[in-house]
>>> print(open('upload-v1.tsv').read())   # TSV, C-alpha atoms and all ligand atoms
chain	number	residue	atom	x	y	z
A	1	MET	CA	76.28	-205.76	32.94
A	2	ARG	CA	75.94	-202.29	31.49
A	3	ILE	CA	72.30	-201.22	31.92
A	4	LEU	CA	70.51	-198.21	30.47
A	5	ILE	CA	67.60	-196.99	32.60
A	6	THR	CA	65.35	-194.50	30.82
A	7	GLY	CA	63.65	-192.28	33.39
A	8	GLY	CA	66.32	-193.53	35.79
A	9	CYS	CA	66.22	-190.32	37.86
A	10	GLY	CA	62.49	-190.67	38.61
A	11	PHE	CA	60.71	-192.38	41.47
A	12	ILE	CA	60.99	-196.05	40.48
A	13	GLY	CA	64.29	-195.38	38.70
A	14	GLN	CA	66.07	-194.11	41.81
A	15	HIS	CA	65.06	-197.19	43.83
A	16	LEU	CA	66.02	-199.53	40.98
A	17	ALA	CA	69.37	-197.78	40.49
A	18	ALA	CA	70.15	-198.12	44.20
A	19	LEU	CA	69.38	-201.83	44.00
A	20	LEU	CA	71.51	-202.46	40.88
A	21	SER	CA	74.43	-200.09	41.31
A	22	ALA	CA	76.68	-202.38	43.35
A	23	ASP	CA	76.81	-205.06	40.64
A	24	HIS	CA	76.23	-203.17	37.40
A	25	ASP	CA	77.40	-200.19	35.39
A	26	LEU	CA	74.40	-197.86	35.02
A	27	VAL	CA	73.49	-195.14	32.51
A	28	ALA	CA	70.30	-193.06	32.71
A	29	LEU	CA	68.48	-191.34	29.86
A	30	ASP	CA	66.25	-188.77	31.50
A	31	LEU	CA	64.78	-185.41	30.51
A	32	LEU	CA	64.72	-184.31	34.18
A	33	THR	CA	61.30	-182.74	33.62
A	34	ASP	CA	60.17	-179.94	35.97
A	35	GLN	CA	56.85	-181.63	36.60
A	36	VAL	CA	58.67	-184.54	38.25
A	37	HIS	CA	61.82	-182.92	39.61
A	38	LEU	CA	61.71	-180.07	42.11
A	39	ASP	CA	65.50	-179.84	41.77
A	40	PRO	CA	66.74	-181.53	38.56
A	41	GLU	CA	70.39	-181.16	39.58
A	42	VAL	CA	69.85	-183.06	42.83
A	43	ALA	CA	68.10	-185.81	40.86
A	44	ARG	CA	70.94	-186.00	38.39
A	45	GLN	CA	73.61	-186.20	41.09
A	46	ARG	CA	71.72	-188.87	43.02
A	47	PHE	CA	71.86	-191.28	40.07
A	48	PRO	CA	74.78	-193.72	40.59
A	49	GLY	CA	76.11	-193.51	37.03
A	50	GLU	CA	76.22	-191.32	33.94
A	51	VAL	CA	73.05	-189.32	33.19
A	52	VAL	CA	72.34	-188.43	29.57
A	53	VAL	CA	69.81	-185.61	29.57
A	54	GLY	CA	67.46	-186.11	26.65
A	55	ASP	CA	64.04	-187.06	25.38
A	56	VAL	CA	63.19	-190.74	24.87
A	57	ALA	CA	60.97	-189.76	21.95
A	58	ASP	CA	63.92	-188.16	20.11
A	59	ALA	CA	65.55	-190.68	17.73
A	60	ASP	CA	68.82	-188.68	17.58
A	61	ILE	CA	69.36	-189.11	21.34
A	62	TRP	CA	69.20	-192.89	20.98
A	63	ALA	CA	71.72	-192.85	18.13
A	64	GLY	CA	74.30	-191.21	20.41
A	65	LEU	CA	73.95	-193.59	23.38
A	66	PRO	CA	76.62	-196.15	24.28
A	67	THR	CA	75.87	-199.84	23.61
A	68	VAL	CA	74.44	-201.59	26.66
A	69	ASP	CA	73.59	-205.19	27.65
A	70	ALA	CA	70.10	-204.38	28.96
A	71	VAL	CA	67.53	-201.59	28.84
A	72	VAL	CA	64.98	-200.78	31.53
A	73	HIS	CA	62.44	-198.44	30.01
A	74	LEU	CA	60.72	-196.35	32.67
A	75	ALA	CA	60.53	-192.86	31.13
A	76	ALA	CA	56.95	-191.82	30.51
A	77	GLU	CA	54.34	-189.16	31.04
A	78	THR	CA	52.40	-190.64	33.96
A	79	GLY	CA	49.45	-188.41	34.92
A	80	THR	CA	46.16	-190.15	34.15
A	81	ALA	CA	44.04	-187.00	34.50
A	82	GLN	CA	46.55	-184.82	32.66
A	83	SER	CA	46.64	-187.28	29.77
A	84	MET	CA	43.02	-186.43	29.02
A	85	TYR	CA	43.97	-182.93	27.83
A	86	GLU	CA	47.68	-183.25	26.92
A	87	GLN	CA	47.01	-186.12	24.55
A	88	ASP	CA	49.66	-185.42	21.90
A	89	ARG	CA	52.46	-185.14	24.45
A	90	TYR	CA	51.41	-188.35	26.16
A	91	ARG	CA	51.22	-190.25	22.86
A	92	ARG	CA	54.57	-188.98	21.64
A	93	VAL	CA	56.53	-189.72	24.82
A	94	ASN	CA	54.84	-192.98	25.81
A	95	ILE	CA	54.34	-194.66	22.44
A	96	GLU	CA	57.18	-193.26	20.32
A	97	GLY	CA	59.55	-193.34	23.31
A	98	THR	CA	58.82	-197.04	23.85
A	99	ARG	CA	59.11	-197.84	20.15
A	100	LEU	CA	62.56	-196.22	20.06
A	101	ALA	CA	63.61	-198.07	23.25
A	102	GLY	CA	62.62	-201.34	21.55
A	103	LEU	CA	64.52	-200.49	18.36
A	104	ALA	CA	67.65	-199.63	20.34
A	105	ALA	CA	67.46	-202.83	22.40
A	106	SER	CA	67.16	-204.82	19.13
A	107	ARG	CA	70.14	-203.05	17.61
A	108	TRP	CA	72.29	-203.68	20.67
A	109	GLY	CA	71.06	-207.24	21.23
A	110	ALA	CA	70.08	-206.05	24.72
A	111	SER	CA	67.30	-207.49	26.85
A	112	LEU	CA	64.47	-205.06	27.53
A	113	VAL	CA	62.24	-204.57	30.56
A	114	SER	CA	59.52	-202.02	29.87
A	115	LEU	CA	57.04	-200.59	32.36
A	116	SER	CA	53.47	-200.54	31.23
A	117	SER	CA	50.66	-200.01	33.75
A	118	ARG	CA	47.53	-201.51	35.27
A	119	ALA	CA	45.79	-198.63	33.44
A	120	VAL	CA	45.64	-200.90	30.36
A	121	TYR	CA	42.79	-202.82	32.08
A	122	GLY	CA	40.59	-199.76	32.60
A	123	GLU	CA	37.67	-200.80	34.80
A	124	GLY	CA	38.98	-204.35	34.69
A	125	ARG	CA	37.29	-207.69	35.28
A	126	TYR	CA	33.85	-208.25	36.86
A	127	ARG	CA	31.88	-211.41	37.58
A	128	THR	CA	28.13	-211.04	37.14
A	129	SER	CA	25.57	-212.69	39.41
A	130	PHE	CA	25.13	-215.27	36.59
A	131	GLY	CA	28.81	-216.20	36.91
A	132	GLU	CA	29.83	-214.55	33.62
A	133	VAL	CA	33.06	-212.58	33.33
A	134	THR	CA	32.84	-209.11	31.76
A	135	PHE	CA	35.51	-206.52	31.09
A	136	GLY	CA	35.25	-202.76	31.27
A	137	ALA	CA	32.37	-200.92	32.91
A	138	ARG	CA	30.42	-202.85	35.56
A	139	ASP	CA	27.16	-203.86	33.87
A	140	SER	CA	25.07	-204.37	37.02
A	141	ALA	CA	25.24	-203.25	40.63
A	142	ASP	CA	25.67	-206.80	41.94
A	143	ALA	CA	28.63	-207.63	39.64
A	144	VAL	CA	31.73	-208.33	41.74
A	145	PRO	CA	35.17	-206.95	40.79
A	146	GLU	CA	37.91	-209.55	40.30
A	147	ALA	CA	41.68	-209.19	40.07
A	148	SER	CA	42.94	-208.47	36.53
A	149	ARG	CA	44.84	-211.19	34.67
A	150	GLU	CA	47.40	-210.50	31.99
A	151	ASP	CA	45.28	-212.08	29.21
A	152	ASP	CA	42.18	-210.05	30.09
A	153	ARG	CA	40.69	-207.80	27.45
A	154	LEU	CA	42.34	-204.36	27.55
A	155	VAL	CA	39.77	-201.57	27.86
A	156	PRO	CA	41.63	-198.46	29.06
A	157	VAL	CA	39.51	-195.47	30.04
A	158	SER	CA	42.25	-192.83	29.90
A	159	VAL	CA	44.58	-191.60	27.19
A	160	TYR	CA	47.45	-192.63	29.50
A	161	GLY	CA	46.10	-196.19	29.58
A	162	GLN	CA	45.68	-196.24	25.81
A	163	THR	CA	49.27	-195.04	25.29
A	164	LYS	CA	50.45	-197.95	27.47
A	165	VAL	CA	48.42	-200.42	25.37
A	166	ASP	CA	49.94	-199.00	22.18
A	167	ALA	CA	53.42	-199.00	23.73
A	168	GLU	CA	53.07	-202.71	24.57
A	169	LEU	CA	52.07	-203.40	20.95
A	170	ALA	CA	55.11	-201.49	19.71
A	171	LEU	CA	57.33	-204.07	21.45
A	172	ALA	CA	55.73	-207.20	20.01
A	173	GLN	CA	58.15	-207.52	17.07
A	174	VAL	CA	61.22	-206.69	19.16
A	175	ALA	CA	60.69	-209.81	21.28
A	176	ASN	CA	61.56	-212.08	18.36
A	177	GLY	CA	65.18	-211.00	18.67
A	178	VAL	CA	65.78	-210.07	22.32
A	179	PRO	CA	64.13	-210.96	25.66
A	180	VAL	CA	61.31	-208.51	26.37
A	181	THR	CA	59.47	-208.27	29.69
A	182	ILE	CA	56.49	-205.95	30.04
A	183	LEU	CA	55.44	-205.14	33.61
A	184	ARG	CA	52.03	-203.76	34.55
A	185	PRO	CA	52.41	-202.28	38.05
A	186	GLN	CA	49.44	-201.28	40.13
A	187	ASN	CA	49.78	-198.09	42.25
A	188	VAL	CA	53.43	-197.90	43.28
A	189	VAL	CA	54.23	-196.22	46.60
A	190	GLY	CA	57.38	-195.32	48.53
A	191	HIS	CA	59.60	-192.39	49.41
A	192	GLY	CA	61.07	-190.35	46.57
A	193	GLN	CA	57.77	-189.74	44.77
A	194	ALA	CA	57.37	-186.29	43.21
A	195	LEU	CA	55.48	-184.61	46.06
A	196	HIS	CA	54.94	-181.33	44.19
A	197	ASN	CA	53.40	-183.05	41.15
A	198	PRO	CA	49.58	-183.01	41.32
A	199	TYR	CA	49.50	-186.06	39.02
A	200	THR	CA	51.63	-188.27	41.28
A	201	GLY	CA	48.62	-189.91	42.90
A	202	VAL	CA	46.26	-189.80	45.79
A	203	LEU	CA	48.84	-190.44	48.52
A	204	ALA	CA	50.91	-187.37	47.66
A	205	ALA	CA	47.70	-185.32	47.94
A	206	PHE	CA	46.90	-186.97	51.28
A	207	LEU	CA	50.42	-186.24	52.58
A	208	ALA	CA	50.12	-182.54	51.68
A	209	ARG	CA	46.80	-182.20	53.54
A	210	LEU	CA	48.01	-184.19	56.57
A	211	ARG	CA	51.05	-181.92	56.88
A	212	GLU	CA	48.76	-178.86	56.77
A	213	GLY	CA	46.35	-180.30	59.35
A	214	LYS	CA	43.52	-180.37	56.77
A	215	PRO	CA	41.06	-183.25	56.35
A	216	LEU	CA	41.92	-185.68	53.56
A	217	GLN	CA	39.55	-185.45	50.62
A	218	ILE	CA	38.09	-188.67	49.28
A	219	TYR	CA	36.38	-188.29	45.93
A	220	GLY	CA	33.04	-190.10	46.26
A	221	ASP	CA	32.08	-192.47	49.07
A	222	GLY	CA	35.49	-194.16	49.21
A	223	HIS	CA	34.35	-197.71	48.40
A	224	GLU	CA	36.69	-197.74	45.40
A	225	THR	CA	39.68	-200.04	45.75
A	226	ARG	CA	43.33	-199.91	44.76
A	227	ASP	CA	46.29	-202.28	45.05
A	228	PHE	CA	49.22	-200.30	46.49
A	229	VAL	CA	52.57	-202.03	45.99
A	230	HIS	CA	55.82	-200.90	47.59
A	231	VAL	CA	58.45	-199.57	45.19
A	232	SER	CA	61.08	-202.00	46.52
A	233	ASP	CA	58.88	-204.92	45.42
A	234	VAL	CA	58.57	-203.40	41.94
A	235	ALA	CA	62.34	-202.88	41.73
A	236	ALA	CA	62.88	-206.53	42.74
A	237	VAL	CA	60.70	-207.76	39.85
A	238	ILE	CA	62.53	-205.51	37.37
A	239	ALA	CA	65.91	-206.82	38.60
A	240	TRP	CA	64.64	-210.40	38.25
A	241	ALA	CA	63.38	-209.72	34.71
A	242	LEU	CA	66.84	-208.51	33.66
A	243	GLY	CA	68.04	-212.10	34.01
A	244	ARG	CA	65.53	-213.50	31.51
A	245	THR	CA	66.94	-214.91	28.28
A	246	ALA	CA	63.85	-216.26	26.47
A	247	THR	CA	62.86	-214.62	23.18
A	248	GLY	CA	59.76	-215.19	21.08
A	249	GLU	CA	57.05	-213.06	22.59
A	250	PRO	CA	57.06	-210.57	25.46
A	251	LEU	CA	56.48	-211.92	28.94
A	252	VAL	CA	53.72	-209.70	30.36
A	253	LEU	CA	53.46	-209.64	34.16
A	254	ASN	CA	51.22	-207.92	36.66
A	255	VAL	CA	53.00	-206.37	39.63
A	256	GLY	CA	51.03	-205.62	42.78
A	257	THR	CA	50.21	-207.12	46.15
A	258	GLY	CA	47.15	-209.00	44.90
A	259	THR	CA	45.00	-207.42	47.63
A	260	ARG	CA	42.44	-204.61	47.47
A	261	THR	CA	42.36	-201.64	49.79
A	262	THR	CA	39.39	-199.26	49.80
A	263	LEU	CA	40.05	-195.55	49.52
A	264	VAL	CA	38.64	-195.13	53.02
A	265	ASP	CA	41.17	-197.68	54.32
A	266	ILE	CA	43.98	-196.00	52.36
A	267	ALA	CA	43.09	-192.72	54.09
A	268	THR	CA	42.88	-194.49	57.46
A	269	HIS	CA	46.34	-196.06	57.03
A	270	ALA	CA	47.80	-192.69	56.02
A	271	ILE	CA	46.23	-190.95	59.02
A	272	ALA	CA	47.49	-193.66	61.39
A	273	ALA	CA	51.07	-193.13	60.15
A	274	ALA	CA	50.96	-189.32	60.39
A	275	PRO	CA	52.68	-187.87	63.48
A	276	HIS	CA	49.62	-185.80	64.47
A	277	GLY	CA	46.86	-188.05	63.10
A	278	GLY	CA	44.13	-186.49	60.96
A	279	SER	CA	40.64	-186.93	59.53
A	280	PHE	CA	38.97	-187.32	56.14
A	281	GLU	CA	35.91	-185.96	54.35
A	282	HIS	CA	34.03	-186.97	51.22
A	283	VAL	CA	33.87	-184.68	48.19
A	284	GLU	CA	31.40	-185.28	45.38
A	285	VAL	CA	33.58	-185.39	42.29
A	286	LYS	CA	34.54	-187.92	39.66
A	287	ARG	CA	37.41	-187.24	37.29
A	288	ALA	CA	37.55	-188.49	33.71
A	289	GLY	CA	39.94	-191.42	33.50
A	290	ASP	CA	39.37	-192.52	37.13
A	291	ILE	CA	38.34	-196.13	37.64
A	292	GLU	CA	36.38	-197.84	40.41
A	293	HIS	CA	38.42	-200.92	41.26
A	294	ALA	CA	41.94	-202.16	40.59
A	295	CYS	CA	43.80	-205.23	41.78
A	296	ALA	CA	46.46	-207.50	40.28
A	297	ASP	CA	46.12	-211.24	39.86
A	298	LEU	CA	49.60	-212.57	40.67
A	299	SER	CA	49.20	-216.18	39.41
A	300	ARG	CA	51.50	-215.63	36.45
A	301	LEU	CA	54.10	-213.74	38.48
A	302	ARG	CA	54.23	-216.71	40.85
A	303	SER	CA	54.24	-219.33	38.11
A	304	VAL	CA	57.31	-217.84	36.39
A	305	GLY	CA	59.23	-217.59	39.68
A	306	ALA	CA	59.41	-213.78	39.83
A	307	PRO	CA	59.82	-212.31	43.33
A	308	GLU	CA	56.57	-211.99	45.23
A	309	PRO	CA	55.71	-208.78	47.08
A	310	LYS	CA	57.10	-208.60	50.61
A	311	THR	CA	55.33	-205.47	51.84
A	312	SER	CA	51.59	-205.22	52.44
A	313	SER	CA	49.70	-202.22	51.10
A	314	ALA	CA	49.10	-200.97	54.66
A	315	ASP	CA	52.83	-201.09	55.47
A	316	ALA	CA	53.72	-199.52	52.11
A	317	ILE	CA	51.37	-196.59	52.78
A	318	ALA	CA	52.73	-196.15	56.33
A	319	ASP	CA	56.31	-196.26	55.02
A	320	PHE	CA	55.49	-193.58	52.44
A	321	ILE	CA	53.91	-191.23	54.98
A	322	THR	CA	56.63	-191.54	57.62
A	323	ARG	CA	59.60	-191.36	55.24
A	324	SER	CA	58.14	-188.54	53.15
A	325	TRP	CA	56.91	-186.45	56.07
A	326	ALA	CA	59.90	-184.07	56.07
A	327	ALA	CA	60.57	-184.18	52.31
A	328	PRO	CA	60.04	-181.02	50.23
A	329	GLY	CA	56.83	-180.87	48.24
A	330	ALA	CA	53.88	-178.70	47.39
A	331	ASP	CA	51.02	-177.43	49.52
A	332	SER	CA	47.55	-178.83	48.90
A	333	SER	CA	46.49	-175.87	46.71
A	334	VAL	CA	48.40	-177.50	43.84
A	335	TRP	CA	45.90	-180.40	43.88
A	336	ASP	CA	42.98	-177.96	44.14
A	337	ASP	CA	44.32	-176.10	41.08
A	338	ALA	CA	44.74	-179.36	39.14
A	339	LEU	CA	41.12	-180.29	39.91
A	340	ASP	CA	39.97	-176.81	38.83
A	341	GLN	CA	41.80	-177.28	35.53
A	342	LEU	CA	39.90	-180.51	34.95
A	343	ARG	CA	36.59	-178.82	35.89
A	344	ARG	CA	37.21	-175.97	33.44
A	345	ARG	CA	37.85	-178.50	30.68
A	346	GLY	CA	34.66	-180.44	31.48
A	347	LEU	CA	36.66	-183.46	32.68
A	348	THR	CA	34.87	-183.89	36.02
A	349	ARG	CA	31.39	-184.94	37.00
B	401	LIG	N1	54.44	-194.86	39.98
B	401	LIG	C1	53.40	-195.62	39.71
B	401	LIG	O1	52.45	-195.76	40.52
B	401	LIG	C2	53.35	-196.41	38.42
B	401	LIG	C3	52.32	-197.33	38.23
B	401	LIG	C4	52.25	-198.04	37.03
B	401	LIG	C5	53.19	-197.82	36.06
B	401	LIG	N2	54.18	-196.91	36.25
B	401	LIG	C6	55.15	-196.69	35.17
B	401	LIG	O2	56.46	-196.81	35.69
B	401	LIG	C7	57.34	-195.93	34.98
B	401	LIG	C8	58.12	-195.08	35.96
B	401	LIG	O3	57.19	-194.34	36.74
B	401	LIG	P1	57.66	-193.38	37.94
B	401	LIG	O4	56.58	-193.43	38.97
B	401	LIG	O5	59.05	-193.65	38.32
B	401	LIG	O6	57.55	-191.98	37.20
B	401	LIG	P2	58.34	-190.61	37.49
B	401	LIG	O7	57.50	-189.54	36.88
B	401	LIG	O8	58.73	-190.49	38.92
B	401	LIG	O9	59.67	-190.81	36.65
B	401	LIG	C9	59.69	-190.71	35.27
B	401	LIG	C10	61.06	-190.22	34.86
B	401	LIG	O10	61.06	-190.11	33.43
B	401	LIG	C11	61.58	-188.85	33.07
B	401	LIG	N3	60.96	-188.45	31.81
B	401	LIG	C12	59.70	-187.98	31.60
B	401	LIG	N4	59.52	-187.73	30.29
B	401	LIG	C13	60.69	-188.05	29.67
B	401	LIG	C14	61.13	-188.01	28.32
B	401	LIG	N5	60.33	-187.57	27.34
B	401	LIG	N6	62.38	-188.42	28.04
B	401	LIG	C15	63.21	-188.87	29.03
B	401	LIG	N7	62.85	-188.91	30.33
B	401	LIG	C16	61.61	-188.51	30.63
B	401	LIG	C17	61.25	-187.91	34.21
B	401	LIG	O11	62.14	-186.81	34.26
B	401	LIG	C18	61.39	-188.84	35.41
B	401	LIG	O12	62.71	-188.81	35.92
B	401	LIG	C19	56.47	-195.16	34.00
B	401	LIG	O13	56.53	-195.77	32.75
B	401	LIG	C20	55.07	-195.29	34.58
B	401	LIG	O14	54.07	-195.19	33.58
B	401	LIG	C21	54.29	-196.20	37.40
>>> encode(input="upload-v1.tsv", output="structure tokens")
Amino acid sequence: MRILITGGCGFIGQHLAALLSADHDLVALDLLTDQVHLDPEVARQRFPGEVVVGDVADADIWAGLPTVDAVVHLAAETGTAQSMYEQDRYRRVNIEGTRLAGLAASRWGASLVSLSSRAVYGEGRYRTSFGEVTFGARDSADAVPEASREDDRLVPVSVYGQTKVDAELALAQVANGVPVTILRPQNVVGHGQALHNPYTGVLAAFLARLREGKPLQIYGDGHETRDFVHVSDVAAVIAWALGRTATGEPLVLNVGTGTRTTLVDIATHAIAAAPHGGSFEHVEVKRAGDIEHACADLSRLRSVGAPEPKTSSADAIADFITRSWAAPGADSSVWDDALDQLRRRGLTR
């Protein structure tokens, strides 16, 4: 098959391309943005196929692309905190970019796999002490968080999450003509993440501080939970989805491990994997767009026969720390500066 991967030079894209390149002819559409790529030329050369440098939100770029059999749409602006103040850019790239990817897939008769995010659930699903299910903010202290299901109400709390909701909607019509799979990954982890990008996620920040011998900073008391899934498990689900042929409506699937890890445990796993160990401290700050709990319900993923995750969150975190230890990245001041930016804009509490 000839497969177009938008954002193919990024973190998930490079793992997916490595998985698919032996059996398929690959093309990437990627803007090679500075925020993601420390060295854009290295990223371009690493991709095992042609790289078209261009913007997914630019209709003219799509008109000039070769016809393909399948499209994997990964390109997006991905920083939750940054989305709160760069709203126009996030909307343009994430919504218009996805709409154009859907139009192109329709025109080519190509199947489409598009990456959404767990951010569409916002604070997600809770069960109250009366046994009722609520969505969004926890309405009482004794409400218990539950794993998010694909049919749950979508209540994003960040502009990034809202752009992913709108991007999913933009694909609804496309699915009448070509197979469309929408994946909602939880926090994806593995080597090759943009270590100089302060919006990459908490583990890149932890890595920077571990390398500098500084204590890891946990915002709040660290009881919050996340579902860290290894990038190879995400790539396996994307590859599986490329074989789908059903049209009608998009198949929406969660991708995660289905288990929760507290932020304190995430820090502990990272410290255990670091060559010289480390420690953590708590910092009183809450950023706009941050959520308390996140975890994927994998019932649907299992019921449709998609590959189940093979790597636990603990092993995924350890793999990230050990394999990224010597990789180039930024020092921890970059994360301090990003937090200052949010403070100045009134986006922290
Ligand atoms: N990494 C995660 O934890 C995670 C979790 C949930 C969902 N996702 C989604 O998965 C997808 C891939 O994420 P990733 O972690 O590989 O991100 P990434 O930032 O590493 O890669 C994104 C790639 O897209 C490119 N890009 C950015 N803007 C572009 C534009 N306007 N036109 C063309 N290319 C552009 C970048 O240069 C980069 O190569 C995204 O849609 C993201 O929202 C990621």
>>> residues_near_ligand(input="upload-v1.tsv", ligand="ligand LIG 401 (chain B)", cutoff="7 Å", atoms="all atoms listed in the file", output="ChimeraX atom specification")
/A:6-13,29-33,36-37,54-57,74-78,93,115-118,184-189,193-194
>>> closest_atom_pairs(input="upload-v1.tsv", of="segment 161-212 of chain A", to="segment 223-247 of chain A", cutoff="12 Å", atoms="only C-alpha atoms", output="JSON lines")
{"residue": "A:Ala172", "atom": "CA", "partner": "A:Thr247", "partner_atom": "CA", "distance": 10.8}
{"residue": "A:Gln173", "atom": "CA", "partner": "A:Thr247", "partner_atom": "CA", "distance": 10.5}
{"residue": "A:Val174", "atom": "CA", "partner": "A:Thr247", "partner_atom": "CA", "distance": 9.0}
{"residue": "A:Ala175", "atom": "CA", "partner": "A:Thr247", "partner_atom": "CA", "distance": 5.6}
{"residue": "A:Asn176", "atom": "CA", "partner": "A:Thr247", "partner_atom": "CA", "distance": 5.6}
{"residue": "A:Gly177", "atom": "CA", "partner": "A:Thr247", "partner_atom": "CA", "distance": 6.2}
{"residue": "A:Val178", "atom": "CA", "partner": "A:Thr247", "partner_atom": "CA", "distance": 5.5}
{"residue": "A:Pro179", "atom": "CA", "partner": "A:Thr247", "partner_atom": "CA", "distance": 4.6}
{"residue": "A:Val180", "atom": "CA", "partner": "A:Thr247", "partner_atom": "CA", "distance": 7.1}
{"residue": "A:Thr181", "atom": "CA", "partner": "A:Ala241", "partner_atom": "CA", "distance": 6.5}
{"residue": "A:Ile182", "atom": "CA", "partner": "A:Ala241", "partner_atom": "CA", "distance": 9.1}
{"residue": "A:Leu183", "atom": "CA", "partner": "A:Ile238", "partner_atom": "CA", "distance": 8.0}
{"residue": "A:Arg184", "atom": "CA", "partner": "A:Val234", "partner_atom": "CA", "distance": 9.9}
{"residue": "A:Pro185", "atom": "CA", "partner": "A:Val234", "partner_atom": "CA", "distance": 7.4}
{"residue": "A:Gln186", "atom": "CA", "partner": "A:Asp227", "partner_atom": "CA", "distance": 5.9}
{"residue": "A:Asn187", "atom": "CA", "partner": "A:Phe228", "partner_atom": "CA", "distance": 4.8}
{"residue": "A:Val188", "atom": "CA", "partner": "A:Val229", "partner_atom": "CA", "distance": 5.0}
{"residue": "A:Val189", "atom": "CA", "partner": "A:His230", "partner_atom": "CA", "distance": 5.0}
{"residue": "A:Gly190", "atom": "CA", "partner": "A:Val231", "partner_atom": "CA", "distance": 5.5}
{"residue": "A:His191", "atom": "CA", "partner": "A:Val231", "partner_atom": "CA", "distance": 8.4}
{"residue": "A:Gly192", "atom": "CA", "partner": "A:Val231", "partner_atom": "CA", "distance": 9.7}
{"residue": "A:Gln193", "atom": "CA", "partner": "A:Val231", "partner_atom": "CA", "distance": 9.9}
{"residue": "A:Gly201", "atom": "CA", "partner": "A:Phe228", "partner_atom": "CA", "distance": 11.0}
{"residue": "A:Val202", "atom": "CA", "partner": "A:Arg226", "partner_atom": "CA", "distance": 10.6}
{"residue": "A:Leu203", "atom": "CA", "partner": "A:Phe228", "partner_atom": "CA", "distance": 10.1}
>>> write_last_selection(input="upload-v1.tsv", atoms="C-alpha atoms", output="short mmCIF file (atom, residue, chain, number, x, y, z; two decimals), keeping the file's coordinate frame")
data_model
loop_
_atom_site.label_atom_id
_atom_site.label_comp_id
_atom_site.auth_asym_id
_atom_site.auth_seq_id
_atom_site.Cartn_x
_atom_site.Cartn_y
_atom_site.Cartn_z
CA ALA A 172 55.73 -207.20 20.01
CA GLN A 173 58.15 -207.52 17.07
CA VAL A 174 61.22 -206.69 19.16
CA ALA A 175 60.69 -209.81 21.28
CA ASN A 176 61.56 -212.08 18.36
CA GLY A 177 65.18 -211.00 18.67
CA VAL A 178 65.78 -210.07 22.32
CA PRO A 179 64.13 -210.96 25.66
CA VAL A 180 61.31 -208.51 26.37
CA THR A 181 59.47 -208.27 29.69
CA ILE A 182 56.49 -205.95 30.04
CA LEU A 183 55.44 -205.14 33.61
CA ARG A 184 52.03 -203.76 34.55
CA PRO A 185 52.41 -202.28 38.05
CA GLN A 186 49.44 -201.28 40.13
CA ASN A 187 49.78 -198.09 42.25
CA VAL A 188 53.43 -197.90 43.28
CA VAL A 189 54.23 -196.22 46.60
CA GLY A 190 57.38 -195.32 48.53
CA HIS A 191 59.60 -192.39 49.41
CA GLY A 192 61.07 -190.35 46.57
CA GLN A 193 57.77 -189.74 44.77
CA GLY A 201 48.62 -189.91 42.90
CA VAL A 202 46.26 -189.80 45.79
CA LEU A 203 48.84 -190.44 48.52
#
>>> residues_around(input="upload-v1.tsv", residues="Arg138 of chain A", least_positions_apart="3", cutoff="12 Å", atoms="only C-alpha atoms", output="list of chain:residue names")
A:Gly122, A:Glu123, A:Gly124, A:Arg125, A:Tyr126, A:Arg127, A:Thr128, A:Ser129, A:Glu132, A:Val133, A:Thr134, A:Phe135, A:Ala141, A:Asp142, A:Ala143, A:Val144, A:Pro145, A:Glu146, A:Ile291, A:Glu292, A:His293
>>> closest_residue(input="upload-v1.tsv", among="A:Arg345, A:Val334, A:Leu169, A:Tyr121", to="Val155 of chain A", atoms="only C-alpha atoms")
A:Tyr121
>>> atom_distance(input="upload-v1.tsv", atom1="atom CA of His269 of chain A", atom2="atom CA of Arg343 of chain A")
29.0 Å
>>> decode(input="upload-v1.tsv", residues="segment 118-125 of chain A", atoms="N, CA and C atoms", output="PDB file, in the first residue's frame")
ATOM      1  N   ARG A 118      -7.303  11.601  24.357  1.00  0.00           N
ATOM      2  CA  ARG A 118      -8.110  11.425  25.565  1.00  0.00           C
ATOM      3  C   ARG A 118      -8.567  12.791  26.111  1.00  0.00           C
ATOM      4  N   ALA A 119      -7.941  13.870  25.625  1.00  0.00           N
ATOM      5  CA  ALA A 119      -8.313  15.214  26.085  1.00  0.00           C
ATOM      6  C   ALA A 119      -9.775  15.534  25.780  1.00  0.00           C
ATOM      7  N   VAL A 120     -10.397  14.797  24.854  1.00  0.00           N
ATOM      8  CA  VAL A 120     -11.816  15.063  24.544  1.00  0.00           C
ATOM      9  C   VAL A 120     -12.707  14.774  25.759  1.00  0.00           C
ATOM     10  N   TYR A 121     -12.239  13.928  26.689  1.00  0.00           N
ATOM     11  CA  TYR A 121     -13.066  13.568  27.857  1.00  0.00           C
ATOM     12  C   TYR A 121     -12.962  14.598  28.984  1.00  0.00           C
ATOM     13  N   GLY A 122     -11.973  15.492  28.913  1.00  0.00           N
ATOM     14  CA  GLY A 122     -11.781  16.427  30.017  1.00  0.00           C
ATOM     15  C   GLY A 122     -11.589  15.678  31.322  1.00  0.00           C
ATOM     16  N   GLU A 123     -12.339  16.067  32.348  1.00  0.00           N
ATOM     17  CA  GLU A 123     -12.198  15.409  33.654  1.00  0.00           C
ATOM     18  C   GLU A 123     -12.755  13.990  33.642  1.00  0.00           C
ATOM     19  N   GLY A 124     -13.484  13.633  32.618  1.00  0.00           N
ATOM     20  CA  GLY A 124     -13.879  12.231  32.469  1.00  0.00           C
ATOM     21  C   GLY A 124     -15.044  11.798  33.338  1.00  0.00           C
ATOM     22  N   ARG A 125     -15.098  10.492  33.563  1.00  0.00           N
ATOM     23  CA  ARG A 125     -16.254   9.823  34.186  1.00  0.00           C
ATOM     24  C   ARG A 125     -16.022   9.619  35.690  1.00  0.00           C
TER      25      ARG A 125
END
